[in-house]
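data-v9.csv follows (CSV, C-alpha atoms):
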chain,number,residue,atom,x,y,z
A,1,MET,CA,0.0,0.0,0.0
A,2,ASP,CA,1.1,3.5,-0.6
A,3,GLN,CA,2.9,5.0,2.3
A,4,PRO,CA,1.2,8.0,3.8
A,5,LEU,CA,2.4,11.6,3.6
A,6,ASN,CA,2.9,13.0,7.1
A,7,LEU,CA,2.9,16.7,8.0
A,8,VAL,CA,4.0,18.0,11.4
A,9,LEU,CA,2.4,21.5,11.5
A,10,PHE,CA,4.1,23.8,13.9
A,11,SER,CA,3.7,27.3,12.4
A,12,GLY,CA,0.4,29.0,12.6
A,13,THR,CA,0.7,31.8,10.1
A,14,ASP,CA,-1.7,31.9,7.1
A,15,ASP,CA,1.1,31.5,4.5
A,16,LYS,CA,2.6,28.4,6.0
A,17,LEU,CA,-0.9,26.9,6.7
A,18,GLN,CA,-1.8,27.6,3.1
A,19,ALA,CA,1.3,25.9,1.8
A,20,ALA,CA,0.5,22.9,4.1
A,21,ALA,CA,-3.1,22.8,2.9
A,22,VAL,CA,-1.9,22.7,-0.8
A,23,LEU,CA,0.6,19.9,0.0
A,24,THR,CA,-2.2,18.0,1.7
A,25,ALA,CA,-4.8,18.5,-1.1
A,26,GLY,CA,-2.2,17.6,-3.8
A,27,ALA,CA,-1.4,14.3,-2.0
A,28,ALA,CA,-5.0,13.5,-1.4
A,29,ALA,CA,-5.8,14.1,-5.1
A,30,LEU,CA,-3.1,11.5,-5.9
A,31,GLY,CA,-4.8,9.0,-3.6
A,32,LYS,CA,-2.1,9.2,-0.9
A,33,PRO,CA,-3.3,9.1,2.7
A,34,VAL,CA,-2.2,12.2,4.6
A,35,ASN,CA,-1.6,12.4,8.4
A,36,VAL,CA,-1.5,15.9,9.9
A,37,PHE,CA,-0.1,16.4,13.4
A,38,LEU,CA,-0.8,19.9,14.9
A,39,GLN,CA,1.6,21.4,17.4
A,40,TYR,CA,2.1,24.7,19.0
A,41,TRP,CA,1.0,27.7,17.0
A,42,ALA,CA,-0.5,25.6,14.2
A,43,LEU,CA,-2.7,23.9,16.8
A,44,ASP,CA,-3.7,27.3,18.2
A,45,ALA,CA,-4.9,28.3,14.7
A,46,PHE,CA,-7.3,25.3,14.6
A,47,ARG,CA,-9.3,26.6,17.6
A,48,ARG,CA,-13.0,26.7,16.6
A,49,GLU,CA,-13.2,30.4,17.3
A,50,ARG,CA,-10.0,31.4,15.7
A,51,ILE,CA,-9.8,29.3,12.5
A,52,ASP,CA,-11.4,32.0,10.4
A,53,ARG,CA,-9.4,34.8,11.8
A,54,ASP,CA,-6.3,36.5,10.2
A,55,HIS,CA,-3.3,34.6,11.5
A,56,GLY,CA,-0.7,36.9,10.0
A,57,LEU,CA,2.1,36.0,7.7
A,58,ALA,CA,5.8,35.1,8.2
A,59,PRO,CA,7.7,38.3,9.0
A,60,GLU,CA,9.7,38.0,5.7
A,61,ALA,CA,6.4,38.5,3.7
A,62,GLY,CA,6.7,42.2,4.3
A,63,PRO,CA,4.0,44.7,3.1
A,64,GLU,CA,4.4,43.5,-0.5
A,65,GLY,CA,3.7,39.9,0.4
A,66,ARG,CA,0.7,41.0,2.5
A,67,THR,CA,-0.8,42.9,-0.5
A,68,HIS,CA,-0.4,39.8,-2.8
A,69,VAL,CA,-2.1,37.5,-0.2
A,70,ASP,CA,-4.9,40.0,0.3
A,71,ASP,CA,-5.4,40.5,-3.4
A,72,LEU,CA,-5.7,36.7,-4.1
A,73,ARG,CA,-8.1,36.3,-1.2
A,74,ARG,CA,-10.3,39.1,-2.6
A,75,ALA,CA,-10.1,37.3,-6.0
A,76,GLY,CA,-11.8,34.3,-4.4
A,77,GLN,CA,-8.9,32.0,-3.4
A,78,ALA,CA,-10.0,29.4,-0.9
A,79,SER,CA,-8.7,29.8,2.7
A,80,TRP,CA,-6.4,27.1,4.0
A,81,ALA,CA,-9.2,25.8,6.2
A,82,ASP,CA,-11.4,25.4,3.1
A,83,THR,CA,-8.6,23.8,1.2
A,84,LEU,CA,-8.2,21.3,4.0
A,85,ARG,CA,-12.0,20.6,4.0
A,86,GLN,CA,-11.9,19.9,0.3
A,87,ALA,CA,-8.9,17.7,0.7
A,88,LYS,CA,-10.9,15.6,3.2
A,89,ASP,CA,-13.7,15.2,0.7
A,90,LEU,CA,-11.1,14.2,-1.9
A,91,GLY,CA,-9.1,11.6,0.0
A,92,GLU,CA,-8.0,10.1,3.2
A,93,VAL,CA,-6.8,13.0,5.4
A,94,ASP,CA,-6.5,12.6,9.2
A,95,ILE,CA,-5.8,15.6,11.3
A,96,GLN,CA,-4.7,15.0,14.9
A,97,ALA,CA,-3.8,17.5,17.7
A,98,CYS,CA,-0.6,16.8,19.6
A,99,SER,CA,-1.5,16.0,23.2
A,100,LEU,CA,1.5,17.8,24.6
A,101,SER,CA,0.6,21.0,22.7
A,102,MET,CA,-3.0,20.7,23.9
A,103,ASP,CA,-1.6,20.9,27.5
A,104,LEU,CA,0.8,23.7,26.7
A,105,LEU,CA,-1.9,25.9,25.2
A,106,ASP,CA,-4.6,24.8,27.6
A,107,ILE,CA,-6.9,23.6,24.9
A,108,GLU,CA,-9.8,21.1,25.3
A,109,ALA,CA,-10.9,18.8,22.4
A,110,THR,CA,-14.2,20.7,22.3
A,111,ASP,CA,-12.3,24.0,21.6
A,112,LEU,CA,-11.1,22.6,18.3
A,113,ASP,CA,-12.7,23.1,14.8
A,114,PRO,CA,-14.4,19.9,13.5
A,115,LEU,CA,-11.6,19.6,10.9
A,116,VAL,CA,-9.5,18.1,13.7
A,117,ASP,CA,-10.3,14.4,14.0
A,118,GLY,CA,-8.7,13.7,17.4
A,119,VAL,CA,-5.9,14.1,19.9
A,120,GLU,CA,-2.9,11.8,20.0
A,121,GLY,CA,0.7,11.6,21.3
A,122,ILE,CA,3.9,11.5,19.4
A,123,THR,CA,4.1,7.7,19.5
A,124,ALA,CA,0.8,7.3,17.7
A,125,PHE,CA,2.0,9.8,15.1
A,126,TYR,CA,5.1,7.8,14.4
A,127,LEU,CA,3.2,4.5,14.2
A,128,ASN,CA,0.8,6.0,11.7
A,129,ALA,CA,3.6,7.6,9.7
A,130,GLY,CA,5.3,4.3,9.1
A,131,ALA,CA,8.0,4.7,6.5
A,132,GLY,CA,6.2,7.6,4.7
A,133,GLN,CA,7.7,11.0,4.1
A,134,VAL,CA,7.5,13.4,7.0
A,135,LEU,CA,7.6,17.2,6.6
A,136,PHE,CA,7.9,19.7,9.4
A,137,ILE,CA,6.2,23.0,8.5
B,1,MET,CA,18.0,3.9,-8.9
B,2,ASP,CA,18.7,6.3,-6.1
B,3,GLN,CA,15.6,8.1,-4.9
B,4,PRO,CA,15.8,11.9,-5.4
B,5,LEU,CA,16.1,14.4,-2.6
B,6,ASN,CA,13.2,16.8,-2.7
B,7,LEU,CA,13.2,20.3,-1.2
B,8,VAL,CA,10.1,22.5,-0.9
B,9,LEU,CA,11.6,26.0,-0.4
B,10,PHE,CA,9.1,28.3,1.2
B,11,SER,CA,11.3,30.8,3.1
B,12,GLY,CA,13.2,33.5,1.3
B,13,THR,CA,15.7,34.7,3.8
B,14,ASP,CA,19.4,34.3,3.0
B,15,ASP,CA,20.2,32.1,5.9
B,16,LYS,CA,17.5,29.5,5.0
B,17,LEU,CA,18.3,29.7,1.3
B,18,GLN,CA,22.0,29.1,2.1
B,19,ALA,CA,21.1,26.1,4.2
B,20,ALA,CA,19.0,24.8,1.3
B,21,ALA,CA,21.8,25.4,-1.2
B,22,VAL,CA,24.3,23.5,1.0
B,23,LEU,CA,21.8,20.5,1.4
B,24,THR,CA,21.4,20.6,-2.4
B,25,ALA,CA,25.1,20.8,-3.2
B,26,GLY,CA,25.9,18.0,-0.7
B,27,ALA,CA,23.3,15.7,-2.3
B,28,ALA,CA,24.5,16.5,-5.8
B,29,ALA,CA,28.1,15.7,-4.8
B,30,LEU,CA,26.9,12.3,-3.7
B,31,GLY,CA,25.3,11.7,-7.0
B,32,LYS,CA,21.7,12.0,-5.7
B,33,PRO,CA,19.2,13.8,-8.0
B,34,VAL,CA,17.7,16.9,-6.3
B,35,ASN,CA,14.3,18.4,-7.0
B,36,VAL,CA,13.7,21.9,-5.7
B,37,PHE,CA,10.2,23.3,-5.6
B,38,LEU,CA,9.9,27.1,-5.0
B,39,GLN,CA,6.9,28.5,-3.2
B,40,TYR,CA,6.0,31.9,-1.7
B,41,TRP,CA,8.9,34.0,-0.4
B,42,ALA,CA,11.6,31.6,-1.7
B,43,LEU,CA,10.1,31.9,-5.2
B,44,ASP,CA,10.1,35.7,-4.8
B,45,ALA,CA,13.9,35.6,-4.0
B,46,PHE,CA,14.5,33.8,-7.4
B,47,ARG,CA,13.2,36.8,-9.4
B,48,ARG,CA,15.9,37.7,-11.9
B,49,GLU,CA,16.2,41.3,-10.6
B,50,ARG,CA,16.1,40.3,-6.9
B,51,ILE,CA,18.3,37.2,-6.7
B,52,ASP,CA,21.5,39.1,-5.9
B,53,ARG,CA,19.9,41.4,-3.3
B,54,ASP,CA,20.0,41.1,0.4
B,55,HIS,CA,17.0,39.0,1.5
B,56,GLY,CA,17.4,39.4,5.2
B,57,LEU,CA,17.8,36.7,7.8
B,58,ALA,CA,15.4,34.9,10.1
B,59,PRO,CA,14.4,37.3,13.0
B,60,GLU,CA,16.2,35.1,15.5
B,61,ALA,CA,19.6,35.8,13.9
B,62,GLY,CA,19.8,39.1,15.7
B,63,PRO,CA,22.6,41.6,15.2
B,64,GLU,CA,25.2,39.0,16.2
B,65,GLY,CA,24.0,36.6,13.6
B,66,ARG,CA,24.0,39.4,11.0
B,67,THR,CA,27.6,40.2,11.8
B,68,HIS,CA,28.7,36.6,11.4
B,69,VAL,CA,26.9,36.3,8.0
B,70,ASP,CA,28.4,39.6,6.8
B,71,ASP,CA,31.9,38.6,7.9
B,72,LEU,CA,31.8,35.3,6.1
B,73,ARG,CA,30.5,36.9,3.0
B,74,ARG,CA,33.3,39.4,3.0
B,75,ALA,CA,35.8,36.5,3.5
B,76,GLY,CA,34.6,35.2,0.1
B,77,GLN,CA,31.8,32.7,0.9
B,78,ALA,CA,29.7,31.9,-2.1
B,79,SER,CA,26.2,33.2,-2.1
B,80,TRP,CA,23.3,30.7,-2.1
B,81,ALA,CA,22.7,31.4,-5.7
B,82,ASP,CA,26.3,30.7,-6.6
B,83,THR,CA,26.2,27.5,-4.5
B,84,LEU,CA,23.1,26.4,-6.4
B,85,ARG,CA,24.8,27.1,-9.7
B,86,GLN,CA,27.8,25.0,-8.7
B,87,ALA,CA,25.4,22.2,-7.6
B,88,LYS,CA,23.9,22.2,-11.1
B,89,ASP,CA,27.4,21.7,-12.6
B,90,LEU,CA,28.1,19.0,-10.1
B,91,GLY,CA,25.0,16.9,-10.5
B,92,GLU,CA,21.3,16.5,-11.4
B,93,VAL,CA,19.5,19.5,-9.8
B,94,ASP,CA,16.1,20.5,-11.1
B,95,ILE,CA,14.5,23.8,-9.8
B,96,GLN,CA,10.8,24.3,-10.5
B,97,ALA,CA,8.6,27.2,-9.5
B,98,CYS,CA,5.2,26.3,-8.0
B,99,SER,CA,2.5,27.5,-10.4
B,100,LEU,CA,0.1,28.5,-7.5
B,101,SER,CA,2.8,30.7,-6.0
B,102,MET,CA,3.6,32.3,-9.5
B,103,ASP,CA,-0.1,33.4,-9.5
B,104,LEU,CA,0.0,34.6,-5.9
B,105,LEU,CA,3.0,36.8,-6.5
B,106,ASP,CA,2.0,37.8,-10.0
B,107,ILE,CA,5.3,36.5,-11.5
B,108,GLU,CA,5.9,35.5,-15.1
B,109,ALA,CA,8.3,32.8,-16.1
B,110,THR,CA,10.5,35.4,-17.8
B,111,ASP,CA,10.8,37.3,-14.5
B,112,LEU,CA,12.8,34.4,-13.0
B,113,ASP,CA,16.5,33.8,-12.8
B,114,PRO,CA,17.9,31.2,-15.3
B,115,LEU,CA,18.6,29.0,-12.3
B,116,VAL,CA,14.9,28.1,-12.4
B,117,ASP,CA,14.2,25.3,-14.9
B,118,GLY,CA,10.5,25.6,-15.2
B,119,VAL,CA,7.1,26.0,-13.6
B,120,GLU,CA,5.0,23.1,-12.4
B,121,GLY,CA,2.1,22.2,-10.1
B,122,ILE,CA,2.1,20.2,-6.9
B,123,THR,CA,1.1,17.0,-8.7
B,124,ALA,CA,4.2,17.1,-10.9
B,125,PHE,CA,6.3,17.7,-7.8
B,126,TYR,CA,4.9,14.7,-6.0
B,127,LEU,CA,5.4,12.4,-9.1
B,128,ASN,CA,9.0,13.5,-9.5
B,129,ALA,CA,9.6,13.1,-5.7
B,130,GLY,CA,8.6,9.5,-5.8
B,131,ALA,CA,9.5,7.8,-2.5
B,132,GLY,CA,12.5,10.1,-1.9
B,133,GLN,CA,13.0,12.3,1.2
B,134,VAL,CA,11.1,15.6,1.2
B,135,LEU,CA,12.2,18.6,3.3
B,136,PHE,CA,10.2,21.7,3.8
B,137,ILE,CA,12.5,24.7,4.3
C,1,MET,CA,17.4,-2.6,10.4
C,2,ASP,CA,15.2,0.3,11.2
C,3,GLN,CA,16.1,3.4,9.2
C,4,PRO,CA,17.1,6.3,11.4
C,5,LEU,CA,15.1,9.5,11.9
C,6,ASN,CA,17.2,12.5,10.8
C,7,LEU,CA,16.6,16.1,12.0
C,8,VAL,CA,18.3,19.1,10.5
C,9,LEU,CA,17.9,21.7,13.2
C,10,PHE,CA,18.3,25.2,11.9
C,11,SER,CA,16.1,27.3,14.2
C,12,GLY,CA,17.3,28.2,17.6
C,13,THR,CA,14.1,29.4,19.4
C,14,ASP,CA,13.0,27.5,22.4
C,15,ASP,CA,9.6,26.5,20.9
C,16,LYS,CA,11.1,24.9,17.8
C,17,LEU,CA,13.9,23.2,19.8
C,18,GLN,CA,11.3,21.8,22.2
C,19,ALA,CA,9.3,20.4,19.3
C,20,ALA,CA,12.5,18.9,18.0
C,21,ALA,CA,13.4,17.4,21.4
C,22,VAL,CA,9.9,15.8,21.6
C,23,LEU,CA,10.2,14.3,18.1
C,24,THR,CA,13.7,13.0,19.1
C,25,ALA,CA,12.5,11.5,22.4
C,26,GLY,CA,9.5,9.9,20.8
C,27,ALA,CA,11.6,8.2,18.2
C,28,ALA,CA,14.2,7.1,20.7
C,29,ALA,CA,11.4,5.6,22.9
C,30,LEU,CA,10.3,3.5,19.9
C,31,GLY,CA,13.8,2.2,19.4
C,32,LYS,CA,14.5,4.3,16.3
C,33,PRO,CA,18.1,5.7,16.0
C,34,VAL,CA,18.0,9.5,15.7
C,35,ASN,CA,20.6,11.7,14.0
C,36,VAL,CA,20.5,15.4,14.8
C,37,PHE,CA,22.5,17.9,12.6
C,38,LEU,CA,22.9,21.4,14.1
C,39,GLN,CA,23.1,24.4,11.8
C,40,TYR,CA,23.0,28.1,12.2
C,41,TRP,CA,20.9,29.4,15.1
C,42,ALA,CA,20.2,26.0,16.4
C,43,LEU,CA,23.9,25.3,16.7
C,44,ASP,CA,24.3,28.7,18.4
C,45,ALA,CA,21.8,27.6,21.1
C,46,PHE,CA,24.0,24.5,21.9
C,47,ARG,CA,26.9,26.6,23.1
C,48,ARG,CA,27.9,25.5,26.5
C,49,GLU,CA,27.3,28.9,28.0
C,50,ARG,CA,24.1,29.6,26.2
C,51,ILE,CA,22.2,26.3,26.3
C,52,ASP,CA,20.3,27.2,29.5
C,53,ARG,CA,19.4,30.7,28.5
C,54,ASP,CA,16.1,31.9,27.2
C,55,HIS,CA,16.3,31.7,23.3
C,56,GLY,CA,13.1,33.4,22.6
C,57,LEU,CA,10.1,32.0,20.7
C,58,ALA,CA,9.0,32.3,17.0
C,59,PRO,CA,7.6,35.8,16.4
C,60,GLU,CA,4.1,34.3,15.8
C,61,ALA,CA,4.0,33.1,19.4
C,62,GLY,CA,3.0,36.6,20.6
C,63,PRO,CA,2.5,37.5,24.2
C,64,GLU,CA,-0.2,34.8,24.7
C,65,GLY,CA,2.2,32.1,23.5
C,66,ARG,CA,4.9,33.5,25.7
C,67,THR,CA,2.6,33.2,28.8
C,68,HIS,CA,1.7,29.6,28.0
C,69,VAL,CA,5.3,28.6,27.6
C,70,ASP,CA,6.3,30.3,30.8
C,71,ASP,CA,3.4,28.8,32.7
C,72,LEU,CA,4.3,25.3,31.6
C,73,ARG,CA,8.0,25.8,32.5
C,74,ARG,CA,7.0,27.0,36.0
C,75,ALA,CA,4.8,23.9,36.3
C,76,GLY,CA,8.0,21.8,35.9
C,77,GLN,CA,8.1,21.0,32.2
C,78,ALA,CA,11.6,19.8,31.2
C,79,SER,CA,13.6,22.1,29.0
C,80,TRP,CA,14.5,21.0,25.5
C,81,ALA,CA,18.0,20.3,26.6
C,82,ASP,CA,16.8,18.1,29.4
C,83,THR,CA,14.4,16.3,27.1
C,84,LEU,CA,17.4,15.6,24.7
C,85,ARG,CA,19.5,14.3,27.6
C,86,GLN,CA,16.7,11.9,28.6
C,87,ALA,CA,16.3,10.9,24.9
C,88,LYS,CA,20.0,10.0,24.9
C,89,ASP,CA,19.5,7.8,28.0
C,90,LEU,CA,16.5,6.2,26.3
C,91,GLY,CA,17.9,5.3,22.9
C,92,GLU,CA,20.5,5.9,20.2
C,93,VAL,CA,20.6,9.7,19.7
C,94,ASP,CA,23.6,11.2,17.9
C,95,ILE,CA,23.9,15.0,17.8
C,96,GLN,CA,26.5,16.5,15.4
C,97,ALA,CA,27.4,20.1,14.7
C,98,CYS,CA,27.6,21.1,11.0
C,99,SER,CA,31.2,22.1,10.2
C,100,LEU,CA,30.2,24.9,7.9
C,101,SER,CA,28.0,26.5,10.6
C,102,MET,CA,30.8,26.1,13.1
C,103,ASP,CA,33.0,28.3,10.8
C,104,LEU,CA,30.1,30.7,10.2
C,105,LEU,CA,29.5,31.3,13.9
C,106,ASP,CA,33.2,31.0,14.8
C,107,ILE,CA,32.6,28.2,17.3
C,108,GLU,CA,35.2,25.7,18.5
C,109,ALA,CA,34.2,22.2,19.5
C,110,THR,CA,35.1,23.0,23.1
C,111,ASP,CA,32.5,25.8,23.1
C,112,LEU,CA,29.7,23.3,22.7
C,113,ASP,CA,27.6,21.6,25.4
C,114,PRO,CA,28.4,17.9,26.0
C,115,LEU,CA,25.1,17.0,24.4
C,116,VAL,CA,26.9,17.5,21.1
C,117,ASP,CA,28.7,14.3,20.1
C,118,GLY,CA,30.9,15.8,17.4
C,119,VAL,CA,31.3,17.9,14.3
C,120,GLU,CA,30.7,16.6,10.8
C,121,GLY,CA,30.1,17.8,7.2
C,122,ILE,CA,27.0,17.5,5.1
C,123,THR,CA,28.3,14.4,3.3
C,124,ALA,CA,28.6,12.4,6.6
C,125,PHE,CA,25.1,13.6,7.5
C,126,TYR,CA,23.7,12.1,4.3
C,127,LEU,CA,25.6,8.9,4.6
C,128,ASN,CA,24.3,8.4,8.2
C,129,ALA,CA,20.8,9.4,7.2
C,130,GLY,CA,20.6,6.6,4.6
C,131,ALA,CA,17.0,6.3,3.3
C,132,GLY,CA,15.5,7.4,6.6
C,133,GLN,CA,13.1,10.3,7.0
C,134,VAL,CA,14.6,13.8,7.1
C,135,LEU,CA,13.0,16.8,8.8
C,136,PHE,CA,14.2,20.4,8.6
C,137,ILE,CA,13.2,22.3,11.7

Just give me the structure as structure tokens.
Amino acid sequence: MDQPLNLVLFSGTDDKLQAAAVLTAGAAALGKPVNVFLQYWALDAFRRERIDRDHGLAPEAGPEGRTHVDDLRRAGQASWADTLRQAKDLGEVDIQACSLSMDLLDIEATDLDPLVDGVEGITAFYLNAGAGQVLFI
Amino acid sequence: MDQPLNLVLFSGTDDKLQAAAVLTAGAAALGKPVNVFLQYWALDAFRRERIDRDHGLAPEAGPEGRTHVDDLRRAGQASWADTLRQAKDLGEVDIQACSLSMDLLDIEATDLDPLVDGVEGITAFYLNAGAGQVLFI
Amino acid sequence: MDQPLNLVLFSGTDDKLQAAAVLTAGAAALGKPVNVFLQYWALDAFRRERIDRDHGLAPEAGPEGRTHVDDLRRAGQASWADTLRQAKDLGEVDIQACSLSMDLLDIEATDLDPLVDGVEGITAFYLNAGAGQVLFI
């Protein structure tokens, strides 16, 4: 069977989350299972009440990068959360919150957007990842 | 055949691009094919008119890091662009611009430095990557 | 034999180093050998005299993130350096400094914390990594 693609999402800015969503959707479209593991600031961005907010961009984006991102959004580009929702319709995408980061940020499972399928530890992440590619974003 | 090394370059600061160039050159020297996929701020740094500019450092570098980088550059260290050019002479290095990021940043193929071999989508990236290692930088 | 997990540590902020330490400890607990390769600002954080300092957080952490990290630390969470020490007791964890970054930052081997096992070049890193997963953090 095809090895899964595994993404450890650490960063919570909209540009990195969008890059991660595109990598997820592209793999799902190719029939590859995708495991997403949410840590730190990425996990924070998946709170039910924050997921649709502006999460900023990497500092290097600068004002020019900000303008490009805003223009594309106004032109109708899907948000990263929408892209992930579409990826879930398209293929086998499992999104898990890291239990240690849940403690760190004092988040309960009910605080998370329904995009998140569950909470797990690092051991479960590795076991699901198998020998598949792992990216840290 | 040896699986390729695959780098998704997202960040466009000189320190991360230098790290990516060293990873590329090292793999090329070992005879490993390398696929580089340029997104967001990394793609922006490969514009023909910007590639030789100062692209800044990660914020954590601080003034001390800045001094070290400037000192080494004055001592004759190759730029990341030069390191990538050498890597292309050394081995099989293919650099592709992400088509979605081209749209985002409103870049045409002719705007890019000749280091960039073409423009492709995420599907082509995955197909070329095969089962090789993938790093997100 | 199990392929090793390979981490290229580039970032030197406490949040990313903590994430890296948890990934290392988790793999070690599963019996997976782990190779850690220290570059740039991550290497700087492993200086003997700096390892116990505050290395800041990613800019996106913000004041709220800072508070969460401080709270957890006060509640007794192990530092990333302690987590790495425990990982070394638990399994096969080899931490190497990148020779190019040693030059860049003007660091001697004796300046480094005993957690670091040696200094090597990128070629040695690739040869030790084999076909194992590689993460850039």

Would you kindly report the residues of chain A within 7 Å of chain B, using all atoms listed in the file, as a PDB file with C-alpha atoms, in the frame of the given file?
ATOM      1  CA  GLY A  26      -2.200  17.600  -3.800  1.00  0.00           C
ATOM      2  CA  ALA A  61       6.400  38.500   3.700  1.00  0.00           C
ATOM      3  CA  HIS A  68      -0.400  39.800  -2.800  1.00  0.00           C
ATOM      4  CA  VAL A  69      -2.100  37.500  -0.200  1.00  0.00           C
ATOM      5  CA  LEU A  72      -5.700  36.700  -4.100  1.00  0.00           C
ATOM      6  CA  GLN A 133       7.700  11.000   4.100  1.00  0.00           C
ATOM      7  CA  LEU A 135       7.600  17.200   6.600  1.00  0.00           C
ATOM      8  CA  PHE A 136       7.900  19.700   9.400  1.00  0.00           C
ATOM      9  CA  ILE A 137       6.200  23.000   8.500  1.00  0.00           C
TER      10      ILE A 137
END

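Interatomic distance, atom CA of A:Glu108 against atom CA of A:Ala25: 27.0 Å.
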
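Coordinates place atom CA of B:Gly118 at a distance of 11.2 Å from atom CA of B:Met102.
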
Open item on the list: Is it possible to get the residues within 12 Å of (20.7, 8.6, 24.8) (coordinates as in the file, counting only C-alpha atoms) written as number ranges by chain?
Closed with: C: 21, 24-29, 31-35, 82-95, 115-117

TODO: For atom CA of B:Val22 and atom CA of B:Ala78, quote the distance in Å rounded to one decimal.
DONE: 10.5 Å

Within 12 Å of C:Asp52, counting all atoms listed in the file, which residues show up once you throw out same-chain ones fewer than 2 positions away? Write them as an mmCIF file with C-alpha atoms, in the coordinates of the input, please.
data_model
loop_
_atom_site.group_PDB
_atom_site.id
_atom_site.type_symbol
_atom_site.label_atom_id
_atom_site.label_comp_id
_atom_site.auth_asym_id
_atom_site.auth_seq_id
_atom_site.Cartn_x
_atom_site.Cartn_y
_atom_site.Cartn_z
ATOM 1 C CA ASP C 14 13.000 27.500 22.400
ATOM 2 C CA ASP C 44 24.300 28.700 18.400
ATOM 3 C CA ALA C 45 21.800 27.600 21.100
ATOM 4 C CA PHE C 46 24.000 24.500 21.900
ATOM 5 C CA ARG C 47 26.900 26.600 23.100
ATOM 6 C CA ARG C 48 27.900 25.500 26.500
ATOM 7 C CA GLU C 49 27.300 28.900 28.000
ATOM 8 C CA ARG C 50 24.100 29.600 26.200
ATOM 9 C CA ASP C 54 16.100 31.900 27.200
ATOM 10 C CA HIS C 55 16.300 31.700 23.300
ATOM 11 C CA GLY C 56 13.100 33.400 22.600
ATOM 12 C CA ALA C 78 11.600 19.800 31.200
ATOM 13 C CA SER C 79 13.600 22.100 29.000
ATOM 14 C CA TRP C 80 14.500 21.000 25.500
ATOM 15 C CA ALA C 81 18.000 20.300 26.600
ATOM 16 C CA ASP C 82 16.800 18.100 29.400
ATOM 17 C CA ASP C 113 27.600 21.600 25.400
#

- [ ] May I ask which of the residues B:Glu64, B:Gln3, B:Val36, B:Leu30 is the closest one to B:Leu17, counting all atoms listed in the file?
- [x]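 Under the stated criterion, the closest residue is B:Val36.
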
Open item on the list: Under the rule that only C-alpha atoms are counted, which of B:Asp15, B:Glu120, B:Asp111, B:Asp2 is the nearest residue to B:Arg66?
Closed with: B:Asp15

Open item on the list: I'd like to know which of C:Asn128, C:Ala97, C:Gln77, C:Pro63 is closest to C:Gln18, using only C-alpha atoms.
Closed with: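 The closest residue to C:Gln18 is C:Gln77.
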